Amino acid sequence: MEAIIFALITYFAWGIGIFFEAIVARKLNPYSFAFWAFLLSVVVMSFYAPFILDDLSGLTVNLFLLNITLSIIALFLGSISYYEALKITNRALVGTIASSFPLVTVILSMLFLGEKVSSQQGIAIVIIFLGLFLAMFNINMISGKFLNSKGILFALLTMLSWGAYFAFIKILVEQIGWFWPTYFSFLIFPLIYFYMKIKKIKLERPTLNGAIKALIISTILVRIAELSFNLGISKGLVSIVAPIAGANPTLFVVLAFLIFKDPITRQQILGIITTLVGIVLLSIFSV
C-alpha cells in the first residue's frame with residue numbers, strides 16, 4: 001500500500017510540476033530551462049545530502065557508473081532528443097510518444113528485474129495505458145509527413161531512454177536508497193551547458209520574462225515526484241508504481257484546460273476517466 005501512496009504523490013507532483021514547466025517553456029528556451037532546473041536541483045538537494053551519508057555504504061564503483069550511465073541516457077540523451085523532436089515534429093504527437101515511457105518501464109521491469117503482476121493488476125495497467133492513449137492521442141495529428149519525420153525517431157528515443165531509466169533505477173535504489181540515485185543523476189548538468197556551447201544555443205537568464213518563480217515551483221515539484229517514485233519502487237514493484245506515476249499527463253490536460261483554457265475533447269475526457277478508473281483498480285488490486 002505504501003508503494004501506491006508514493007505512486008499517487010508522484011502522479012500529482014509530476015502532473016502539476018509539468019504544468020508549471022509548460023509556463024517556463026513559454027519564457028525560456030528548453031535548454032536553458034533544463035540547465036537551470038538541474039543546477040537548482042543539485043544546489044537544493046545538497047543541503048539534505050549530508051544527513052544520509054550512511055546510505056552510501058552500499059555504493060560501489062560499478063553502481064556509480066551505472067547511475068551516471070542511466071543519467072546520461074535519460075536526462076541528457078533522452079531530454080535532448082525530446083527537445084529536438086519538439087522543434088521539427090507535431091508537439092502533441094511528440095508528447096504522446098514520450099509520455100508512453102511507463103510502458104517501456106513496465107516491460108523492462110518484468111523482463112529484466114523479474115517482476116510479476118497478477119492478472120487483475122495486469123488488466124488495470126492496460127486500462128491505465130488505454131486511458132493515457134485516449135487522453136493524449138489525436139488521430140488527426142498523424143500524416144505520412146509526421147511518420148517519416150526524424151522527429152518521430154527522436155521521440156521514440158526519448159520514450160526508450162526515459163523508460164529504461166525508471167526501470168533500472170530500482171537497482172540503485174535497493175543499494176543506496178531513494179535519494180542518491182536522483183542526486184547523482186543531476187550532477188551531469190554541465191553536459192547540457194557544453195552541448196549548448198557546441199550548438200551555439202544561448203543560455204538565457206532564469207529571470208528572463210519573469211520565469212524564475214515558475215522555474216522554482218516546477219523544479220521542486222518534479223524533484224518531489226522523482227524522489228517519491230524512488231520511494232515507491234523501494235516499497236513495491238516498478239511495474240505497479242510506473243503506470244500510476246506515468247499517467248500524470250492526464251492531470252496536465254485538466255490543468256491546461258482550467259488555467260490556459262486549452263480546448264479539451266470528449267475523447268480526452270473519456271481518456272482521463274478511463275485512466276483514473278485504471279489507477280483506482282490497480283490500487284485496489286495491489287493492497
# chains A, B, ... in the order shown; residues from 1 in each chain; ligands from 1
$ residues_around --residues "stretch 10-20 of chain A" --least-positions-apart "4" --cutoff "7 Å" --atoms "only C-alpha atoms" --output "list in words"
Phe6, Val24, Ala214, Ile217, Ser218, Leu221, Val222, Ile224, Ala225, Glu226, Ser228, Phe229, Ile244, Ala245, Gly246, Ala247, Asn248, Pro249, Leu251 and Phe252 of chain A
$ write_last_selection --atoms "C-alpha atoms" --output "PDB file, in the first residue's frame"
ATOM      1  CA  PHE A   6       4.066   7.202  -3.184  1.00  0.00           C
ATOM      2  CA  VAL A  24       8.555  28.176 -18.089  1.00  0.00           C
ATOM      3  CA  ALA A 214       7.543  29.035 -12.251  1.00  0.00           C
ATOM      4  CA  ILE A 217       7.958  25.680  -8.430  1.00  0.00           C
ATOM      5  CA  SER A 218       8.247  23.229 -11.322  1.00  0.00           C
ATOM      6  CA  LEU A 221       7.511  19.547  -7.689  1.00  0.00           C
ATOM      7  CA  VAL A 222       9.229  17.395 -10.311  1.00  0.00           C
ATOM      8  CA  ILE A 224       9.476  15.589  -5.260  1.00  0.00           C
ATOM      9  CA  ALA A 225       7.824  13.394  -7.882  1.00  0.00           C
ATOM     10  CA  GLU A 226      11.062  11.643  -8.809  1.00  0.00           C
ATOM     11  CA  SER A 228       8.611   9.810  -4.388  1.00  0.00           C
ATOM     12  CA  PHE A 229       8.881   7.439  -7.362  1.00  0.00           C
ATOM     13  CA  ILE A 244       0.227   5.250 -11.893  1.00  0.00           C
ATOM     14  CA  ALA A 245       3.057   7.788 -11.771  1.00  0.00           C
ATOM     15  CA  GLY A 246       3.380   7.896 -15.544  1.00  0.00           C
ATOM     16  CA  ALA A 247      -0.306   8.680 -16.053  1.00  0.00           C
ATOM     17  CA  ASN A 248       0.390  12.271 -14.959  1.00  0.00           C
ATOM     18  CA  PRO A 249      -0.212  13.789 -18.448  1.00  0.00           C
ATOM     19  CA  LEU A 251      -3.655  15.767 -14.874  1.00  0.00           C
ATOM     20  CA  PHE A 252      -1.750  18.187 -17.094  1.00  0.00           C
TER      21      PHE A 252
END
$ residues_around --residues "stretch 192-208 of chain A" --least-positions-apart "6" --cutoff "12 Å" --atoms "only C-alpha atoms" --output "ChimeraX atom specification"
/A:24-40,72,75-80,83-84,186,214-216
$ residues_around --residues "A:Glu174" --least-positions-apart "5" --cutoff "12 Å" --atoms "only C-alpha atoms" --output "list in words"
Asp55, Leu56, Gly58, Leu59, Leu63, Leu113, Phe168, Ile169, Phe179, Trp180, Pro181, Asn230, Leu231, Gly232, Ile233, Ser234, Lys235, Gly236, Leu237 and Val238 of chain A
$ write_last_selection --atoms "C-alpha atoms" --output "PDB file, in the first residue's frame"
ATOM      1  CA  ASP A  55      23.246   5.211   2.651  1.00  0.00           C
ATOM      2  CA  LEU A  56      26.418   5.468   0.574  1.00  0.00           C
ATOM      3  CA  GLY A  58      26.334   0.308  -0.336  1.00  0.00           C
ATOM      4  CA  LEU A  59      27.834   2.353  -3.176  1.00  0.00           C
ATOM      5  CA  LEU A  63      26.845   1.149  -9.153  1.00  0.00           C
ATOM      6  CA  LEU A 113      14.036  -7.376 -12.918  1.00  0.00           C
ATOM      7  CA  PHE A 168      16.726   0.187 -13.853  1.00  0.00           C
ATOM      8  CA  ILE A 169      16.891   2.947 -11.248  1.00  0.00           C
ATOM      9  CA  PHE A 179      17.865   9.897  -2.538  1.00  0.00           C
ATOM     10  CA  TRP A 180      21.311   9.328  -4.022  1.00  0.00           C
ATOM     11  CA  PRO A 181      20.376   7.881  -7.458  1.00  0.00           C
ATOM     12  CA  ASN A 230      12.120   6.099  -5.878  1.00  0.00           C
ATOM     13  CA  LEU A 231      10.427   5.637  -2.515  1.00  0.00           C
ATOM     14  CA  GLY A 232       7.548   3.871  -4.236  1.00  0.00           C
ATOM     15  CA  ILE A 233       9.742   1.345  -6.035  1.00  0.00           C
ATOM     16  CA  SER A 234      11.691   0.764  -2.821  1.00  0.00           C
ATOM     17  CA  LYS A 235       8.411  -0.388  -1.238  1.00  0.00           C
ATOM     18  CA  GLY A 236       6.883  -2.246  -4.175  1.00  0.00           C
ATOM     19  CA  LEU A 237       7.119  -3.210  -7.841  1.00  0.00           C
ATOM     20  CA  VAL A 238       8.264  -0.834 -10.578  1.00  0.00           C
TER      21      VAL A 238
END
$ select_by_dssp --residues "stretch 41-168 of chain A" --states "alpha helix (DSSP H)" --output "ChimeraX atom specification"
/A:41-46,61-71,79-88,91-98,101-112,119-136,144-147,150-168
$ atom_distance --atom1 "atom CA of A:Ile272" --atom2 "atom CA of A:Val117"
23.5 Å
$ closest_atom_pairs --of "stretch 134-246 of chain A" --to "stretch 93-98 of chain A" --cutoff "6 Å" --atoms "only C-alpha atoms" --output "JSON lines"
{"residue": "A:Met136", "atom": "CA", "partner": "A:Thr96", "partner_atom": "CA", "distance": 5.5}
{"residue": "A:Ala155", "atom": "CA", "partner": "A:Val94", "partner_atom": "CA", "distance": 5.5}
{"residue": "A:Thr158", "atom": "CA", "partner": "A:Ala98", "partner_atom": "CA", "distance": 5.8}
{"residue": "A:Met159", "atom": "CA", "partner": "A:Ala98", "partner_atom": "CA", "distance": 4.5}
$ residues_around --residues "stretch 130-134 of chain A" --least-positions-apart "2" --cutoff "7 Å" --atoms "only C-alpha atoms" --output "PDB file with C-alpha atoms, in the first residue's frame"
ATOM      1  CA  VAL A 126      -3.783  -1.993 -19.555  1.00  0.00           C
ATOM      2  CA  ILE A 127      -6.760   0.230 -18.638  1.00  0.00           C
ATOM      3  CA  ILE A 128      -4.377   2.981 -17.452  1.00  0.00           C
ATOM      4  CA  MET A 136      -3.039  12.216 -25.367  1.00  0.00           C
ATOM      5  CA  PHE A 137      -3.538  10.819 -28.868  1.00  0.00           C
ATOM      6  CA  ALA A 247      -0.306   8.680 -16.053  1.00  0.00           C
ATOM      7  CA  THR A 250      -3.944  13.342 -17.806  1.00  0.00           C
ATOM      8  CA  GLN A 267     -12.039  11.707 -26.296  1.00  0.00           C
ATOM      9  CA  GLN A 268      -9.676  13.329 -23.789  1.00  0.00           C
ATOM     10  CA  GLY A 271      -9.286   9.020 -21.600  1.00  0.00           C
ATOM     11  CA  ILE A 272      -8.923  10.855 -18.289  1.00  0.00           C
ATOM     12  CA  THR A 274     -10.516   5.658 -18.065  1.00  0.00           C
ATOM     13  CA  THR A 275      -7.061   6.375 -16.643  1.00  0.00           C
TER      14      THR A 275
END
$ atom_distance --atom1 "atom CA of A:Gly114" --atom2 "atom CA of A:Leu70"
19.4 Å
$ atom_distance --atom1 "atom CA of A:Val253" --atom2 "atom CA of A:Tyr165"
24.6 Å
$ closest_residue --among "A:Phe184, A:Phe166, A:Phe47, A:Tyr82" --to "A:Val241" --atoms "only C-alpha atoms"
A:Phe166
